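These notes concern the structure reproduced below.
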Amino acid sequence: MEMNAKYTSLVAVGDSFTEGMSDLLPDGSYRGWADLLAGRLAARAPGFRYANLAVRGKLIGQILDEQVDTAAAMSADVVTLVGGLNDTLRPSCDMGRVRGLLTEAVERLAPSCGQLVLMRSPGRDGPVMERFRPRMEELFSCMDELAARHGALVVDLYGARALGDQRLWDTDRLHLTAEGHRRVAEAVWQTLGLPAEDDWRAELPPAEPVRWLTRRAEDARFARRHLGPWIVRRVTGRSSGDGRPAKRPELLPYEVPVLSPSGD
């Protein structure tokens with residue numbers, strides 16, 4: 001597809017990152033970078049169509065089985081695929097299998113759309129992430145190889161230092177805030193060859209020092225509200241996306257939700 005072209009349709013495939021958690025709207029639904037990107041593309045193309053098949057908690061095998069063929073059948077101008085990171089965060093992970101499933105997903109999607117877009121997910125510092133970093137980088141290396149082979153674009157969020165700032169992450173430490181999602185939308189927008197509106201890599205102003213007791217209290221709240229339930233789901237084999245339908249399962253004309261100035 002010619003860069004800077006007029007895109008008339010978008011299909012987003014993936015997990016919670018693409019579903020939009022934790023960019024919460026007043027009605028309790030999630031917006032996220034894919035919705036923001038769709039809104040901006042719709043402003044350039046009357047009749048623009050958008051589908052978001054993403055469901056939180058999905059592994060790459062589930063994305064392949066439940067979303068990829070549906071997305072391929074839609075023959076969209078742009079398809080985004082973000083998956084595999086949930087696999088790398090599991091205690092036990094067969095990276096050979098993950099690479100194989102990702103390869104199959106790309107091989108099905110690339111010929112079906114005008115432009116396939118892959119993403120190297122944002123990275124952060126810290127002991128927890130260090131444990132899984134080798135797996136993540138193996139996943140991203142596979143993405144780069146597949147992109148080169150199939151003409152896909154890669155959005156390198158992992159290489160953006162600003163996206164590692166904890167202020168761009170929700171209290172669950174797994175999902176981006178509204179500002180984080182806005183930056184991702186801008187990153188994809190620019191990768192598609194569209195004119196930049198700002199520098200999504202720009203670092204935030206220096207943070208105010210946080211007292212030791214405050215950090216420990218935040219750690220305790222995180223463990224109680226988020227880490228504990230996450231561990232229980234891993235042990236019991238359940239997922240936060242079990243039984244949940246796709247966010248926007250049909251490729252239909254997209255109208256940007258209108259929010260009041262107060263956000264109500």
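Identifiers for the structure tokens are assigned positionally: chains receive A, B, ... in sequence, residues are indexed from 1 per chain, and ligands are indexed from 1 in the order shown.
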Write out as JSON, numbers by chain all residues of segment 10-238 of chain A that backbone DSSP assigns to strand (DSSP E or B).
{"A": [10, 11, 12, 13, 14, 24, 30, 49, 50, 51, 52, 78, 79, 80, 81, 82, 115, 116, 117, 118, 119, 120, 153, 154, 155, 156, 169, 176]}
Selection export as a PDB file, in the first residue's frame, atoms kept: N, CA and C atoms:
```pdb
ATOM      1  N   LEU A  10     -10.008  -0.238   8.935  1.00  0.00           N
ATOM      2  CA  LEU A  10      -9.026  -0.702   9.916  1.00  0.00           C
ATOM      3  C   LEU A  10      -9.622  -1.855  10.698  1.00  0.00           C
ATOM      4  N   VAL A  11      -8.831  -2.928  10.864  1.00  0.00           N
ATOM      5  CA  VAL A  11      -9.198  -4.033  11.738  1.00  0.00           C
ATOM      6  C   VAL A  11      -8.077  -4.236  12.750  1.00  0.00           C
ATOM      7  N   ALA A  12      -8.423  -4.230  14.033  1.00  0.00           N
ATOM      8  CA  ALA A  12      -7.449  -4.389  15.107  1.00  0.00           C
ATOM      9  C   ALA A  12      -7.601  -5.771  15.732  1.00  0.00           C
ATOM     10  N   VAL A  13      -6.485  -6.488  15.857  1.00  0.00           N
ATOM     11  CA  VAL A  13      -6.466  -7.858  16.361  1.00  0.00           C
ATOM     12  C   VAL A  13      -5.523  -7.921  17.561  1.00  0.00           C
ATOM     13  N   GLY A  14      -5.958  -8.613  18.656  1.00  0.00           N
ATOM     14  CA  GLY A  14      -5.036  -8.731  19.774  1.00  0.00           C
ATOM     15  C   GLY A  14      -5.691  -9.005  21.109  1.00  0.00           C
ATOM     16  N   LEU A  24     -10.228   4.305  30.367  1.00  0.00           N
ATOM     17  CA  LEU A  24     -11.628   4.130  30.760  1.00  0.00           C
ATOM     18  C   LEU A  24     -12.477   5.339  30.385  1.00  0.00           C
ATOM     19  N   TYR A  30     -13.878   0.783  27.529  1.00  0.00           N
ATOM     20  CA  TYR A  30     -12.516   1.225  27.267  1.00  0.00           C
ATOM     21  C   TYR A  30     -12.395   1.792  25.864  1.00  0.00           C
ATOM     22  N   ARG A  49     -14.487   2.510   7.889  1.00  0.00           N
ATOM     23  CA  ARG A  49     -15.004   1.363   8.639  1.00  0.00           C
ATOM     24  C   ARG A  49     -13.937   0.827   9.598  1.00  0.00           C
ATOM     25  N   TYR A  50     -14.403   0.319  10.728  1.00  0.00           N
ATOM     26  CA  TYR A  50     -13.488  -0.106  11.791  1.00  0.00           C
ATOM     27  C   TYR A  50     -14.053  -1.308  12.529  1.00  0.00           C
ATOM     28  N   ALA A  51     -13.193  -2.286  12.781  1.00  0.00           N
ATOM     29  CA  ALA A  51     -13.532  -3.432  13.627  1.00  0.00           C
ATOM     30  C   ALA A  51     -12.396  -3.627  14.624  1.00  0.00           C
ATOM     31  N   ASN A  52     -12.741  -3.989  15.847  1.00  0.00           N
ATOM     32  CA  ASN A  52     -11.743  -4.289  16.869  1.00  0.00           C
ATOM     33  C   ASN A  52     -12.106  -5.648  17.465  1.00  0.00           C
ATOM     34  N   VAL A  78      -5.999  -1.617   6.470  1.00  0.00           N
ATOM     35  CA  VAL A  78      -4.980  -1.756   7.510  1.00  0.00           C
ATOM     36  C   VAL A  78      -5.454  -2.782   8.531  1.00  0.00           C
ATOM     37  N   VAL A  79      -4.561  -3.702   8.893  1.00  0.00           N
ATOM     38  CA  VAL A  79      -4.796  -4.630   9.992  1.00  0.00           C
ATOM     39  C   VAL A  79      -3.641  -4.493  10.980  1.00  0.00           C
ATOM     40  N   THR A  80      -3.956  -4.321  12.255  1.00  0.00           N
ATOM     41  CA  THR A  80      -2.929  -4.300  13.290  1.00  0.00           C
ATOM     42  C   THR A  80      -2.997  -5.616  14.061  1.00  0.00           C
ATOM     43  N   LEU A  81      -1.833  -6.190  14.337  1.00  0.00           N
ATOM     44  CA  LEU A  81      -1.734  -7.434  15.086  1.00  0.00           C
ATOM     45  C   LEU A  81      -0.747  -7.234  16.229  1.00  0.00           C
ATOM     46  N   VAL A  82      -1.249  -7.340  17.458  1.00  0.00           N
ATOM     47  CA  VAL A  82      -0.399  -7.275  18.643  1.00  0.00           C
ATOM     48  C   VAL A  82      -0.747  -8.474  19.502  1.00  0.00           C
ATOM     49  N   GLN A 115      -2.231  -3.258   4.300  1.00  0.00           N
ATOM     50  CA  GLN A 115      -1.027  -3.074   5.097  1.00  0.00           C
ATOM     51  C   GLN A 115      -1.191  -3.711   6.468  1.00  0.00           C
ATOM     52  N   LEU A 116      -0.293  -4.629   6.795  1.00  0.00           N
ATOM     53  CA  LEU A 116      -0.259  -5.243   8.119  1.00  0.00           C
ATOM     54  C   LEU A 116       0.704  -4.463   8.999  1.00  0.00           C
ATOM     55  N   VAL A 117       0.269  -4.202  10.234  1.00  0.00           N
ATOM     56  CA  VAL A 117       1.085  -3.454  11.193  1.00  0.00           C
ATOM     57  C   VAL A 117       1.304  -4.316  12.436  1.00  0.00           C
ATOM     58  N   LEU A 118       2.569  -4.510  12.809  1.00  0.00           N
ATOM     59  CA  LEU A 118       2.939  -5.228  14.018  1.00  0.00           C
ATOM     60  C   LEU A 118       3.525  -4.236  15.025  1.00  0.00           C
ATOM     61  N   MET A 119       3.608  -4.644  16.291  1.00  0.00           N
ATOM     62  CA  MET A 119       4.140  -3.747  17.320  1.00  0.00           C
ATOM     63  C   MET A 119       5.065  -4.455  18.275  1.00  0.00           C
ATOM     64  N   ARG A 120       6.186  -3.799  18.569  1.00  0.00           N
ATOM     65  CA  ARG A 120       7.051  -4.173  19.674  1.00  0.00           C
ATOM     66  C   ARG A 120       6.510  -3.432  20.897  1.00  0.00           C
ATOM     67  N   LEU A 153       4.652  -3.422   8.537  1.00  0.00           N
ATOM     68  CA  LEU A 153       5.282  -2.329   9.266  1.00  0.00           C
ATOM     69  C   LEU A 153       5.420  -2.725  10.731  1.00  0.00           C
ATOM     70  N   VAL A 154       6.450  -2.220  11.396  1.00  0.00           N
ATOM     71  CA  VAL A 154       6.653  -2.481  12.821  1.00  0.00           C
ATOM     72  C   VAL A 154       6.711  -1.155  13.562  1.00  0.00           C
ATOM     73  N   VAL A 155       5.863  -1.001  14.570  1.00  0.00           N
ATOM     74  CA  VAL A 155       5.876   0.180  15.439  1.00  0.00           C
ATOM     75  C   VAL A 155       6.737  -0.161  16.646  1.00  0.00           C
ATOM     76  N   ASP A 156       7.854   0.524  16.791  1.00  0.00           N
ATOM     77  CA  ASP A 156       8.805   0.177  17.848  1.00  0.00           C
ATOM     78  C   ASP A 156       8.521   0.956  19.130  1.00  0.00           C
ATOM     79  N   TRP A 169       1.416   4.424  33.011  1.00  0.00           N
ATOM     80  CA  TRP A 169       0.836   3.103  33.258  1.00  0.00           C
ATOM     81  C   TRP A 169      -0.189   3.182  34.378  1.00  0.00           C
ATOM     82  N   LEU A 176      -1.679   0.721  29.818  1.00  0.00           N
ATOM     83  CA  LEU A 176      -1.380   2.136  29.675  1.00  0.00           C
ATOM     84  C   LEU A 176      -2.534   3.019  30.132  1.00  0.00           C
TER      85      LEU A 176
END
```
Atomic distance atom CA of Asp170 of chain A - atom CA of Arg124 of chain A, expressed in Å with one decimal
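Taking atom CA of Asp170 of chain A and atom CA of Arg124 of chain A, their separation equals 13.1 Å.
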For Cys113 of chain A, which residue among A:Ala162, A:Val98, A:Met74, A:Val68 is the nearest when counting only C-alpha atoms?
A:Met74
